[in-house]
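Below is the file entry_1.pdb, which contains PDB, N, CA and C atoms, pLDDT in the B column.
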ATOM      1  N   MET A 685       1.587 -76.184  -6.603  1.00 45.00           N
ATOM      2  CA  MET A 685       0.155 -76.002  -6.548  1.00 45.00           C
ATOM      3  C   MET A 685      -0.227 -75.659  -5.104  1.00 45.00           C
ATOM      4  N   SER A 686      -0.959 -74.593  -4.932  1.00 51.00           N
ATOM      5  CA  SER A 686      -1.325 -74.162  -3.586  1.00 51.00           C
ATOM      6  C   SER A 686      -2.577 -74.896  -3.124  1.00 51.00           C
ATOM      7  N   PRO A 687      -2.684 -75.155  -1.810  1.00 56.00           N
ATOM      8  CA  PRO A 687      -3.871 -75.837  -1.300  1.00 56.00           C
ATOM      9  C   PRO A 687      -5.105 -74.952  -1.393  1.00 56.00           C
ATOM     10  N   VAL A 688      -6.250 -75.574  -1.494  1.00 59.00           N
ATOM     11  CA  VAL A 688      -7.510 -74.837  -1.547  1.00 59.00           C
ATOM     12  C   VAL A 688      -7.799 -74.312  -0.146  1.00 59.00           C
ATOM     13  N   HIS A 689      -8.197 -73.063  -0.068  1.00 62.00           N
ATOM     14  CA  HIS A 689      -8.487 -72.468   1.232  1.00 62.00           C
ATOM     15  C   HIS A 689      -9.746 -71.624   1.149  1.00 62.00           C
ATOM     16  N   ALA A 690     -10.348 -71.411   2.289  1.00 60.00           N
ATOM     17  CA  ALA A 690     -11.532 -70.554   2.358  1.00 60.00           C
ATOM     18  C   ALA A 690     -11.092 -69.106   2.201  1.00 60.00           C
ATOM     19  N   PRO A 691     -11.855 -68.313   1.488  1.00 60.00           N
ATOM     20  CA  PRO A 691     -11.478 -66.905   1.317  1.00 60.00           C
ATOM     21  C   PRO A 691     -11.451 -66.173   2.659  1.00 60.00           C
ATOM     22  N   SER A 692     -10.414 -65.384   2.843  1.00 67.00           N
ATOM     23  CA  SER A 692     -10.309 -64.605   4.075  1.00 67.00           C
ATOM     24  C   SER A 692     -11.202 -63.371   3.966  1.00 67.00           C
ATOM     25  N   MET A 693     -11.341 -62.680   5.073  1.00 66.00           N
ATOM     26  CA  MET A 693     -12.155 -61.460   5.077  1.00 66.00           C
ATOM     27  C   MET A 693     -11.569 -60.441   4.102  1.00 66.00           C
ATOM     28  N   ALA A 694     -10.250 -60.401   3.992  1.00 71.00           N
ATOM     29  CA  ALA A 694      -9.604 -59.468   3.068  1.00 71.00           C
ATOM     30  C   ALA A 694      -9.952 -59.784   1.611  1.00 71.00           C
ATOM     31  N   GLU A 695     -10.281 -61.033   1.327  1.00 73.00           N
ATOM     32  CA  GLU A 695     -10.687 -61.406  -0.030  1.00 73.00           C
ATOM     33  C   GLU A 695     -12.186 -61.215  -0.244  1.00 73.00           C
ATOM     34  N   ARG A 696     -12.964 -61.309   0.805  1.00 70.00           N
ATOM     35  CA  ARG A 696     -14.417 -61.183   0.678  1.00 70.00           C
ATOM     36  C   ARG A 696     -14.869 -59.743   0.491  1.00 70.00           C
ATOM     37  N   ILE A 697     -14.237 -58.825   1.181  1.00 76.00           N
ATOM     38  CA  ILE A 697     -14.657 -57.421   1.118  1.00 76.00           C
ATOM     39  C   ILE A 697     -14.528 -56.851  -0.294  1.00 76.00           C
ATOM     40  N   PRO A 698     -13.400 -57.040  -0.999  1.00 80.00           N
ATOM     41  CA  PRO A 698     -13.343 -56.519  -2.375  1.00 80.00           C
ATOM     42  C   PRO A 698     -14.406 -57.112  -3.292  1.00 80.00           C
ATOM     43  N   ARG A 699     -14.752 -58.368  -3.090  1.00 77.00           N
ATOM     44  CA  ARG A 699     -15.810 -58.979  -3.910  1.00 77.00           C
ATOM     45  C   ARG A 699     -17.132 -58.247  -3.695  1.00 77.00           C
ATOM     46  N   SER A 700     -17.424 -57.943  -2.455  1.00 76.00           N
ATOM     47  CA  SER A 700     -18.669 -57.247  -2.135  1.00 76.00           C
ATOM     48  C   SER A 700     -18.676 -55.838  -2.711  1.00 76.00           C
ATOM     49  N   ILE A 701     -17.551 -55.160  -2.601  1.00 83.00           N
ATOM     50  CA  ILE A 701     -17.451 -53.800  -3.140  1.00 83.00           C
ATOM     51  C   ILE A 701     -17.600 -53.823  -4.652  1.00 83.00           C
ATOM     52  N   MET A 702     -16.937 -54.766  -5.304  1.00 85.00           N
ATOM     53  CA  MET A 702     -17.041 -54.854  -6.770  1.00 85.00           C
ATOM     54  C   MET A 702     -18.472 -55.149  -7.198  1.00 85.00           C
ATOM     55  N   ASP A 703     -19.157 -56.029  -6.466  1.00 81.00           N
ATOM     56  CA  ASP A 703     -20.541 -56.333  -6.806  1.00 81.00           C
ATOM     57  C   ASP A 703     -21.422 -55.103  -6.629  1.00 81.00           C
ATOM     58  N   THR A 704     -21.206 -54.346  -5.556  1.00 83.00           N
ATOM     59  CA  THR A 704     -21.998 -53.141  -5.299  1.00 83.00           C
ATOM     60  C   THR A 704     -21.766 -52.104  -6.395  1.00 83.00           C
ATOM     61  N   VAL A 705     -20.520 -51.881  -6.770  1.00 87.00           N
ATOM     62  CA  VAL A 705     -20.204 -50.909  -7.832  1.00 87.00           C
ATOM     63  C   VAL A 705     -20.815 -51.359  -9.154  1.00 87.00           C
ATOM     64  N   TYR A 706     -20.689 -52.650  -9.470  1.00 87.00           N
ATOM     65  CA  TYR A 706     -21.265 -53.167 -10.712  1.00 87.00           C
ATOM     66  C   TYR A 706     -22.773 -52.932 -10.759  1.00 87.00           C
ATOM     67  N   ARG A 707     -23.455 -53.265  -9.666  1.00 84.00           N
ATOM     68  CA  ARG A 707     -24.909 -53.090  -9.639  1.00 84.00           C
ATOM     69  C   ARG A 707     -25.304 -51.620  -9.766  1.00 84.00           C
ATOM     70  N   TYR A 708     -24.534 -50.727  -9.158  1.00 86.00           N
ATOM     71  CA  TYR A 708     -24.846 -49.299  -9.255  1.00 86.00           C
ATOM     72  C   TYR A 708     -24.642 -48.796 -10.679  1.00 86.00           C
ATOM     73  N   ILE A 709     -23.550 -49.230 -11.314  1.00 90.00           N
ATOM     74  CA  ILE A 709     -23.272 -48.793 -12.692  1.00 90.00           C
ATOM     75  C   ILE A 709     -24.282 -49.404 -13.664  1.00 90.00           C
ATOM     76  N   GLU A 710     -24.536 -50.676 -13.526  1.00 89.00           N
ATOM     77  CA  GLU A 710     -25.396 -51.382 -14.476  1.00 89.00           C
ATOM     78  C   GLU A 710     -26.871 -51.042 -14.312  1.00 89.00           C
ATOM     79  N   PHE A 711     -27.345 -50.936 -13.078  1.00 86.00           N
ATOM     80  CA  PHE A 711     -28.773 -50.750 -12.843  1.00 86.00           C
ATOM     81  C   PHE A 711     -29.131 -49.370 -12.306  1.00 86.00           C
ATOM     82  N   ASP A 712     -28.156 -48.488 -12.119  1.00 86.00           N
ATOM     83  CA  ASP A 712     -28.372 -47.130 -11.602  1.00 86.00           C
ATOM     84  C   ASP A 712     -29.149 -47.123 -10.286  1.00 86.00           C
ATOM     85  N   ALA A 713     -28.914 -48.121  -9.455  1.00 83.00           N
ATOM     86  CA  ALA A 713     -29.597 -48.193  -8.161  1.00 83.00           C
ATOM     87  C   ALA A 713     -28.763 -49.028  -7.196  1.00 83.00           C
ATOM     88  N   PHE A 714     -28.969 -48.776  -5.936  1.00 81.00           N
ATOM     89  CA  PHE A 714     -28.321 -49.574  -4.897  1.00 81.00           C
ATOM     90  C   PHE A 714     -29.394 -50.067  -3.939  1.00 81.00           C
ATOM     91  N   LYS A 715     -29.490 -51.357  -3.787  1.00 86.00           N
ATOM     92  CA  LYS A 715     -30.483 -51.961  -2.891  1.00 86.00           C
ATOM     93  C   LYS A 715     -29.721 -52.652  -1.765  1.00 86.00           C
ATOM     94  N   PRO A 716     -29.772 -52.086  -0.564  1.00 85.00           N
ATOM     95  CA  PRO A 716     -28.983 -52.647   0.548  1.00 85.00           C
ATOM     96  C   PRO A 716     -29.328 -54.095   0.888  1.00 85.00           C
ATOM     97  N   GLY A 717     -30.598 -54.436   0.855  1.00 88.00           N
ATOM     98  CA  GLY A 717     -30.993 -55.818   1.163  1.00 88.00           C
ATOM     99  C   GLY A 717     -30.404 -56.806   0.174  1.00 88.00           C
ATOM    100  N   GLU A 718     -30.466 -56.448  -1.094  1.00 86.00           N
ATOM    101  CA  GLU A 718     -29.908 -57.301  -2.137  1.00 86.00           C
ATOM    102  C   GLU A 718     -28.394 -57.412  -1.981  1.00 86.00           C
ATOM    103  N   ALA A 719     -27.749 -56.300  -1.634  1.00 83.00           N
ATOM    104  CA  ALA A 719     -26.296 -56.301  -1.439  1.00 83.00           C
ATOM    105  C   ALA A 719     -25.899 -57.229  -0.295  1.00 83.00           C
ATOM    106  N   VAL A 720     -26.676 -57.243   0.772  1.00 84.00           N
ATOM    107  CA  VAL A 720     -26.376 -58.120   1.909  1.00 84.00           C
ATOM    108  C   VAL A 720     -26.516 -59.581   1.511  1.00 84.00           C
ATOM    109  N   ILE A 721     -27.576 -59.897   0.779  1.00 87.00           N
ATOM    110  CA  ILE A 721     -27.795 -61.278   0.348  1.00 87.00           C
ATOM    111  C   ILE A 721     -26.669 -61.747  -0.560  1.00 87.00           C
ATOM    112  N   VAL A 722     -26.296 -60.931  -1.525  1.00 81.00           N
ATOM    113  CA  VAL A 722     -25.221 -61.300  -2.447  1.00 81.00           C
ATOM    114  C   VAL A 722     -23.902 -61.442  -1.698  1.00 81.00           C
ATOM    115  N   THR A 723     -23.635 -60.535  -0.758  1.00 79.00           N
ATOM    116  CA  THR A 723     -22.399 -60.611   0.017  1.00 79.00           C
ATOM    117  C   THR A 723     -22.346 -61.907   0.823  1.00 79.00           C
ATOM    118  N   LEU A 724     -23.440 -62.266   1.458  1.00 80.00           N
ATOM    119  CA  LEU A 724     -23.462 -63.509   2.220  1.00 80.00           C
ATOM    120  C   LEU A 724     -23.246 -64.720   1.314  1.00 80.00           C
ATOM    121  N   MET A 725     -23.857 -64.686   0.136  1.00 81.00           N
ATOM    122  CA  MET A 725     -23.665 -65.791  -0.803  1.00 81.00           C
ATOM    123  C   MET A 725     -22.214 -65.875  -1.254  1.00 81.00           C
ATOM    124  N   LEU A 726     -21.600 -64.733  -1.577  1.00 75.00           N
ATOM    125  CA  LEU A 726     -20.209 -64.734  -2.028  1.00 75.00           C
ATOM    126  C   LEU A 726     -19.242 -65.090  -0.907  1.00 75.00           C
ATOM    127  N   ALA A 727     -19.612 -64.756   0.320  1.00 74.00           N
ATOM    128  CA  ALA A 727     -18.703 -64.963   1.441  1.00 74.00           C
ATOM    129  C   ALA A 727     -18.800 -66.367   2.025  1.00 74.00           C
ATOM    130  N   PHE A 728     -20.013 -66.893   2.158  1.00 77.00           N
ATOM    131  CA  PHE A 728     -20.168 -68.121   2.916  1.00 77.00           C
ATOM    132  C   PHE A 728     -20.421 -69.375   2.098  1.00 77.00           C
ATOM    133  N   LEU A 729     -21.148 -69.275   1.020  1.00 79.00           N
ATOM    134  CA  LEU A 729     -21.439 -70.485   0.248  1.00 79.00           C
ATOM    135  C   LEU A 729     -20.184 -71.171  -0.284  1.00 79.00           C
ATOM    136  N   PRO A 730     -19.207 -70.424  -0.826  1.00 75.00           N
ATOM    137  CA  PRO A 730     -17.999 -71.118  -1.300  1.00 75.00           C
ATOM    138  C   PRO A 730     -17.226 -71.808  -0.175  1.00 75.00           C
ATOM    139  N   TYR A 731     -17.456 -71.417   1.055  1.00 76.00           N
ATOM    140  CA  TYR A 731     -16.788 -72.037   2.200  1.00 76.00           C
ATOM    141  C   TYR A 731     -17.606 -73.203   2.757  1.00 76.00           C
ATOM    142  N   VAL A 732     -18.902 -73.000   2.903  1.00 78.00           N
ATOM    143  CA  VAL A 732     -19.755 -73.986   3.564  1.00 78.00           C
ATOM    144  C   VAL A 732     -19.988 -75.218   2.693  1.00 78.00           C
ATOM    145  N   LEU A 733     -20.273 -75.049   1.429  1.00 79.00           N
ATOM    146  CA  LEU A 733     -20.589 -76.186   0.570  1.00 79.00           C
ATOM    147  C   LEU A 733     -19.429 -77.173   0.440  1.00 79.00           C
ATOM    148  N   PRO A 734     -18.236 -76.726   0.065  1.00 83.00           N
ATOM    149  CA  PRO A 734     -17.136 -77.702  -0.020  1.00 83.00           C
ATOM    150  C   PRO A 734     -16.797 -78.333   1.332  1.00 83.00           C
ATOM    151  N   ARG A 735     -16.921 -77.576   2.402  1.00 81.00           N
ATOM    152  CA  ARG A 735     -16.601 -78.118   3.720  1.00 81.00           C
ATOM    153  C   ARG A 735     -17.534 -79.266   4.075  1.00 81.00           C
ATOM    154  N   GLY A 736     -18.825 -79.106   3.790  1.00 81.00           N
ATOM    155  CA  GLY A 736     -19.773 -80.176   4.067  1.00 81.00           C
ATOM    156  C   GLY A 736     -19.492 -81.421   3.243  1.00 81.00           C
ATOM    157  N   LEU A 737     -19.174 -81.233   1.969  1.00 84.00           N
ATOM    158  CA  LEU A 737     -18.872 -82.379   1.107  1.00 84.00           C
ATOM    159  C   LEU A 737     -17.602 -83.091   1.563  1.00 84.00           C
ATOM    160  N   VAL A 738     -16.579 -82.320   1.891  1.00 84.00           N
ATOM    161  CA  VAL A 738     -15.319 -82.913   2.338  1.00 84.00           C
ATOM    162  C   VAL A 738     -15.513 -83.661   3.648  1.00 84.00           C
ATOM    163  N   THR A 739     -16.319 -83.127   4.545  1.00 84.00           N
ATOM    164  CA  THR A 739     -16.581 -83.791   5.820  1.00 84.00           C
ATOM    165  C   THR A 739     -17.274 -85.133   5.594  1.00 84.00           C
ATOM    166  N   ARG A 740     -18.229 -85.177   4.698  1.00 85.00           N
ATOM    167  CA  ARG A 740     -18.921 -86.441   4.411  1.00 85.00           C
ATOM    168  C   ARG A 740     -17.966 -87.475   3.836  1.00 85.00           C
ATOM    169  N   VAL A 741     -17.149 -87.064   2.899  1.00 86.00           N
ATOM    170  CA  VAL A 741     -16.197 -87.995   2.288  1.00 86.00           C
ATOM    171  C   VAL A 741     -15.198 -88.471   3.339  1.00 86.00           C
ATOM    172  N   ALA A 742     -14.715 -87.559   4.180  1.00 84.00           N
ATOM    173  CA  ALA A 742     -13.743 -87.931   5.206  1.00 84.00           C
ATOM    174  C   ALA A 742     -14.337 -88.909   6.211  1.00 84.00           C
ATOM    175  N   ARG A 743     -15.587 -88.700   6.596  1.00 85.00           N
ATOM    176  CA  ARG A 743     -16.218 -89.620   7.552  1.00 85.00           C
ATOM    177  C   ARG A 743     -16.390 -91.013   6.960  1.00 85.00           C
ATOM    178  N   ARG A 744     -16.690 -91.082   5.681  1.00 85.00           N
ATOM    179  CA  ARG A 744     -16.804 -92.404   5.049  1.00 85.00           C
ATOM    180  C   ARG A 744     -15.448 -93.073   4.941  1.00 85.00           C
ATOM    181  N   TRP A 745     -14.427 -92.296   4.692  1.00 83.00           N
ATOM    182  CA  TRP A 745     -13.085 -92.832   4.496  1.00 83.00           C
ATOM    183  C   TRP A 745     -12.449 -93.208   5.827  1.00 83.00           C
ATOM    184  N   VAL A 746     -12.517 -92.320   6.808  1.00 83.00           N
ATOM    185  CA  VAL A 746     -11.858 -92.521   8.098  1.00 83.00           C
ATOM    186  C   VAL A 746     -12.775 -93.211   9.094  1.00 83.00           C
ATOM    187  N   GLY A 747     -14.053 -92.933   9.020  1.00 75.00           N
ATOM    188  CA  GLY A 747     -15.006 -93.490   9.971  1.00 75.00           C
ATOM    189  C   GLY A 747     -15.556 -92.382  10.844  1.00 75.00           C
ATOM    190  N   PRO A 748     -16.600 -92.688  11.593  1.00 71.00           N
ATOM    191  CA  PRO A 748     -17.193 -91.667  12.460  1.00 71.00           C
ATOM    192  C   PRO A 748     -16.225 -91.281  13.579  1.00 71.00           C
ATOM    193  N   PRO A 749     -16.384 -90.088  14.126  1.00 69.00           N
ATOM    194  CA  PRO A 749     -15.504 -89.676  15.218  1.00 69.00           C
ATOM    195  C   PRO A 749     -15.708 -90.572  16.436  1.00 69.00           C
ATOM    196  N   ALA A 750     -14.616 -90.810  17.165  1.00 66.00           N
ATOM    197  CA  ALA A 750     -14.684 -91.660  18.357  1.00 66.00           C
ATOM    198  C   ALA A 750     -15.479 -90.950  19.443  1.00 66.00           C
ATOM    199  N   ALA A 751     -16.079 -91.730  20.324  1.00 61.00           N
ATOM    200  CA  ALA A 751     -16.825 -91.152  21.432  1.00 61.00           C
ATOM    201  C   ALA A 751     -15.869 -90.371  22.324  1.00 61.00           C
ATOM    202  N   LYS A 752     -16.393 -89.366  22.986  1.00 63.00           N
ATOM    203  CA  LYS A 752     -15.561 -88.526  23.832  1.00 63.00           C
ATOM    204  C   LYS A 752     -14.944 -89.371  24.948  1.00 63.00           C
ATOM    205  N   GLY A 753     -13.648 -89.295  25.102  1.00 60.00           N
ATOM    206  CA  GLY A 753     -12.952 -90.035  26.141  1.00 60.00           C
ATOM    207  C   GLY A 753     -12.541 -91.440  25.725  1.00 60.00           C
ATOM    208  N   ALA A 754     -13.026 -91.914  24.586  1.00 56.00           N
ATOM    209  CA  ALA A 754     -12.658 -93.253  24.125  1.00 56.00           C
ATOM    210  C   ALA A 754     -11.274 -93.217  23.492  1.00 56.00           C
ATOM    211  N   ARG A 755     -10.564 -94.323  23.631  1.00 59.00           N
ATOM    212  CA  ARG A 755      -9.225 -94.407  23.033  1.00 59.00           C
ATOM    213  C   ARG A 755      -9.285 -95.335  21.843  1.00 59.00           C
ATOM    214  N   ARG A 756      -8.587 -94.932  20.812  1.00 58.00           N
ATOM    215  CA  ARG A 756      -8.508 -95.780  19.625  1.00 58.00           C
ATOM    216  C   ARG A 756      -7.202 -96.546  19.664  1.00 58.00           C
ATOM    217  N   SER A 757      -7.264 -97.801  19.353  1.00 58.00           N
ATOM    218  CA  SER A 757      -6.075 -98.623  19.317  1.00 58.00           C
ATOM    219  C   SER A 757      -5.386 -98.436  17.975  1.00 58.00           C
ATOM    220  N   VAL A 758      -4.103 -98.142  18.013  1.00 58.00           N
ATOM    221  CA  VAL A 758      -3.335 -97.969  16.794  1.00 58.00           C
ATOM    222  C   VAL A 758      -2.528 -99.236  16.567  1.00 58.00           C
ATOM    223  N   PRO A 759      -2.710 -99.915  15.408  1.00 61.00           N
ATOM    224  CA  PRO A 759      -1.981-101.145  15.161  1.00 61.00           C
ATOM    225  C   PRO A 759      -0.475-100.912  15.239  1.00 61.00           C
ATOM    226  N   GLY A 760       0.202-101.830  15.931  1.00 61.00           N
ATOM    227  CA  GLY A 760       1.661-101.736  16.022  1.00 61.00           C
ATOM    228  C   GLY A 760       2.156-100.819  17.117  1.00 61.00           C
ATOM    229  N   SER A 761       1.273-100.179  17.866  1.00 57.00           N
ATOM    230  CA  SER A 761       1.707 -99.266  18.910  1.00 57.00           C
ATOM    231  C   SER A 761       1.966 -99.980  20.221  1.00 57.00           C
ATOM    232  N   GLY A 762       1.544-101.257  20.323  1.00 56.00           N
ATOM    233  CA  GLY A 762       1.742-102.006  21.546  1.00 56.00           C
ATOM    234  C   GLY A 762       0.569-101.888  22.486  1.00 56.00           C
ATOM    235  N   ALA A 763      -0.333-100.985  22.220  1.00 52.00           N
ATOM    236  CA  ALA A 763      -1.497-100.794  23.088  1.00 52.00           C
ATOM    237  C   ALA A 763      -2.576-101.803  22.681  1.00 52.00           C
ATOM    238  N   HIS A 764      -3.010-102.614  23.614  1.00 52.00           N
ATOM    239  CA  HIS A 764      -4.089-103.571  23.403  1.00 52.00           C
ATOM    240  C   HIS A 764      -3.775-104.602  22.307  1.00 52.00           C
ATOM    241  N   ASP A 765      -2.510-104.955  22.157  1.00 47.00           N
ATOM    242  CA  ASP A 765      -2.164-105.975  21.150  1.00 47.00           C
ATOM    243  C   ASP A 765      -2.314-107.367  21.698  1.00 47.00           C
TER     244      ASP A 765
END

Structure re-expressed in structure tokens:
Amino acid sequence: MSPVHAPSMAERIPRSIMDTVYRYIEFDAFKPGEAVIVTLMLAFLPYVLPRGLVTRVARRWVGPPAAKGARRSVPGSGAHD
């Protein structure tokens, strides 16, 4: 099973082209503004939404990030035991 990954630019461009061709064939028109909006939705929403959810779950599980320059004590490492 392959890990889930964000679509690369090489995967996003064909999606945009296919959407543009579909809209031209189906509606006999091309609207550049609409094409840009759909492209942004296809390109960024599938990446941004899961990333935000995963970050929230990870912060609850692991805890908030340590302050800059602060050291975390690792149990059993001998540091601050």

Would you give the centre and edge lengths, in Å to one decimal, of a box along x, y and z around the listed atoms of region 697-707 of chain A, with 6 Å added to each side, as lines of an AutoDock Vina configuration file?
center_x = -19.3
center_y = -54.9
center_z = -4.8
size_x = 24.0
size_y = 20.1
size_z = 23.9

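A straight line drawn from atom C of Tyr706 (chain A) to atom C of Pro734 (chain A) is 28.8 Å long.
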
### Query
Rounded to one decimal in Å, what is the spacing between CA of Ala727 (chain A) and CA of Arg696 (chain A)?
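Between these atoms lies a distance of 5.8 Å.
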
### Query
How many Å lie between atom C of Val738 (chain A) and CA of Arg699 (chain A), rounded to one decimal?
25.8 Å

Kindly reconstruct region 702-711 of chain A with all heavy atoms and present the result as a short mmCIF file (atom, residue, chain, number, x, y, z; two decimals), in the coordinates of the input.
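New file result_15.cif:
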data_model
loop_
_atom_site.label_atom_id
_atom_site.label_comp_id
_atom_site.auth_asym_id
_atom_site.auth_seq_id
_atom_site.Cartn_x
_atom_site.Cartn_y
_atom_site.Cartn_z
N MET A 702 -16.94 -54.77 -5.30
CA MET A 702 -17.04 -54.85 -6.77
C MET A 702 -18.47 -55.15 -7.20
O MET A 702 -18.96 -54.57 -8.18
CB MET A 702 -16.09 -55.93 -7.31
CG MET A 702 -14.65 -55.52 -7.23
SD MET A 702 -13.42 -56.63 -7.95
CE MET A 702 -14.20 -58.17 -8.11
N ASP A 703 -19.16 -56.03 -6.47
CA ASP A 703 -20.54 -56.33 -6.81
C ASP A 703 -21.42 -55.10 -6.63
O ASP A 703 -22.28 -54.82 -7.47
CB ASP A 703 -21.07 -57.48 -5.94
CG ASP A 703 -22.49 -57.82 -6.30
OD1 ASP A 703 -22.73 -58.27 -7.44
OD2 ASP A 703 -23.37 -57.60 -5.45
N THR A 704 -21.21 -54.35 -5.56
CA THR A 704 -22.00 -53.14 -5.30
C THR A 704 -21.77 -52.10 -6.40
O THR A 704 -22.73 -51.51 -6.92
CB THR A 704 -21.63 -52.55 -3.93
OG1 THR A 704 -21.89 -53.55 -2.93
CG2 THR A 704 -22.45 -51.31 -3.64
N VAL A 705 -20.52 -51.88 -6.77
CA VAL A 705 -20.20 -50.91 -7.83
C VAL A 705 -20.82 -51.36 -9.15
O VAL A 705 -21.41 -50.55 -9.88
CB VAL A 705 -18.68 -50.72 -7.96
CG1 VAL A 705 -18.32 -49.93 -9.20
CG2 VAL A 705 -18.13 -50.05 -6.71
N TYR A 706 -20.69 -52.65 -9.47
CA TYR A 706 -21.26 -53.17 -10.71
C TYR A 706 -22.77 -52.93 -10.76
O TYR A 706 -23.31 -52.46 -11.75
CB TYR A 706 -20.97 -54.66 -10.85
CG TYR A 706 -21.79 -55.32 -11.93
CD1 TYR A 706 -21.46 -55.17 -13.27
CD2 TYR A 706 -22.92 -56.08 -11.62
CE1 TYR A 706 -22.21 -55.76 -14.27
CE2 TYR A 706 -23.68 -56.67 -12.60
CZ TYR A 706 -23.33 -56.50 -13.93
OH TYR A 706 -24.10 -57.08 -14.91
N ARG A 707 -23.46 -53.26 -9.67
CA ARG A 707 -24.91 -53.09 -9.64
C ARG A 707 -25.30 -51.62 -9.77
O ARG A 707 -26.29 -51.29 -10.41
CB ARG A 707 -25.49 -53.70 -8.37
CG ARG A 707 -25.45 -55.19 -8.39
CD ARG A 707 -26.00 -55.79 -7.12
NE ARG A 707 -25.92 -57.22 -7.15
CZ ARG A 707 -26.77 -58.02 -7.81
NH1 ARG A 707 -27.77 -57.50 -8.46
NH2 ARG A 707 -26.60 -59.31 -7.80
N TYR A 708 -24.53 -50.73 -9.16
CA TYR A 708 -24.85 -49.30 -9.26
C TYR A 708 -24.64 -48.80 -10.68
O TYR A 708 -25.47 -48.05 -11.21
CB TYR A 708 -23.98 -48.50 -8.27
CG TYR A 708 -24.38 -47.05 -8.22
CD1 TYR A 708 -25.54 -46.65 -7.57
CD2 TYR A 708 -23.62 -46.08 -8.85
CE1 TYR A 708 -25.92 -45.33 -7.54
CE2 TYR A 708 -23.98 -44.75 -8.82
CZ TYR A 708 -25.14 -44.38 -8.17
OH TYR A 708 -25.51 -43.07 -8.15
N ILE A 709 -23.55 -49.23 -11.31
CA ILE A 709 -23.27 -48.79 -12.69
C ILE A 709 -24.28 -49.40 -13.66
O ILE A 709 -24.82 -48.72 -14.53
CB ILE A 709 -21.84 -49.17 -13.09
CG1 ILE A 709 -20.84 -48.32 -12.30
CG2 ILE A 709 -21.62 -48.99 -14.59
CD1 ILE A 709 -19.40 -48.76 -12.46
N GLU A 710 -24.54 -50.68 -13.53
CA GLU A 710 -25.40 -51.38 -14.48
C GLU A 710 -26.87 -51.04 -14.31
O GLU A 710 -27.58 -50.87 -15.29
CB GLU A 710 -25.19 -52.89 -14.32
CG GLU A 710 -25.86 -53.73 -15.37
CD GLU A 710 -25.25 -53.56 -16.75
OE1 GLU A 710 -24.07 -53.22 -16.87
OE2 GLU A 710 -25.99 -53.78 -17.73
N PHE A 711 -27.34 -50.94 -13.08
CA PHE A 711 -28.77 -50.75 -12.84
C PHE A 711 -29.13 -49.37 -12.31
O PHE A 711 -30.30 -49.10 -12.05
CB PHE A 711 -29.28 -51.82 -11.86
CG PHE A 711 -29.01 -53.22 -12.34
CD1 PHE A 711 -28.17 -54.06 -11.61
CD2 PHE A 711 -29.58 -53.71 -13.50
CE1 PHE A 711 -27.91 -55.35 -12.05
CE2 PHE A 711 -29.33 -55.00 -13.94
CZ PHE A 711 -28.49 -55.82 -13.21
#
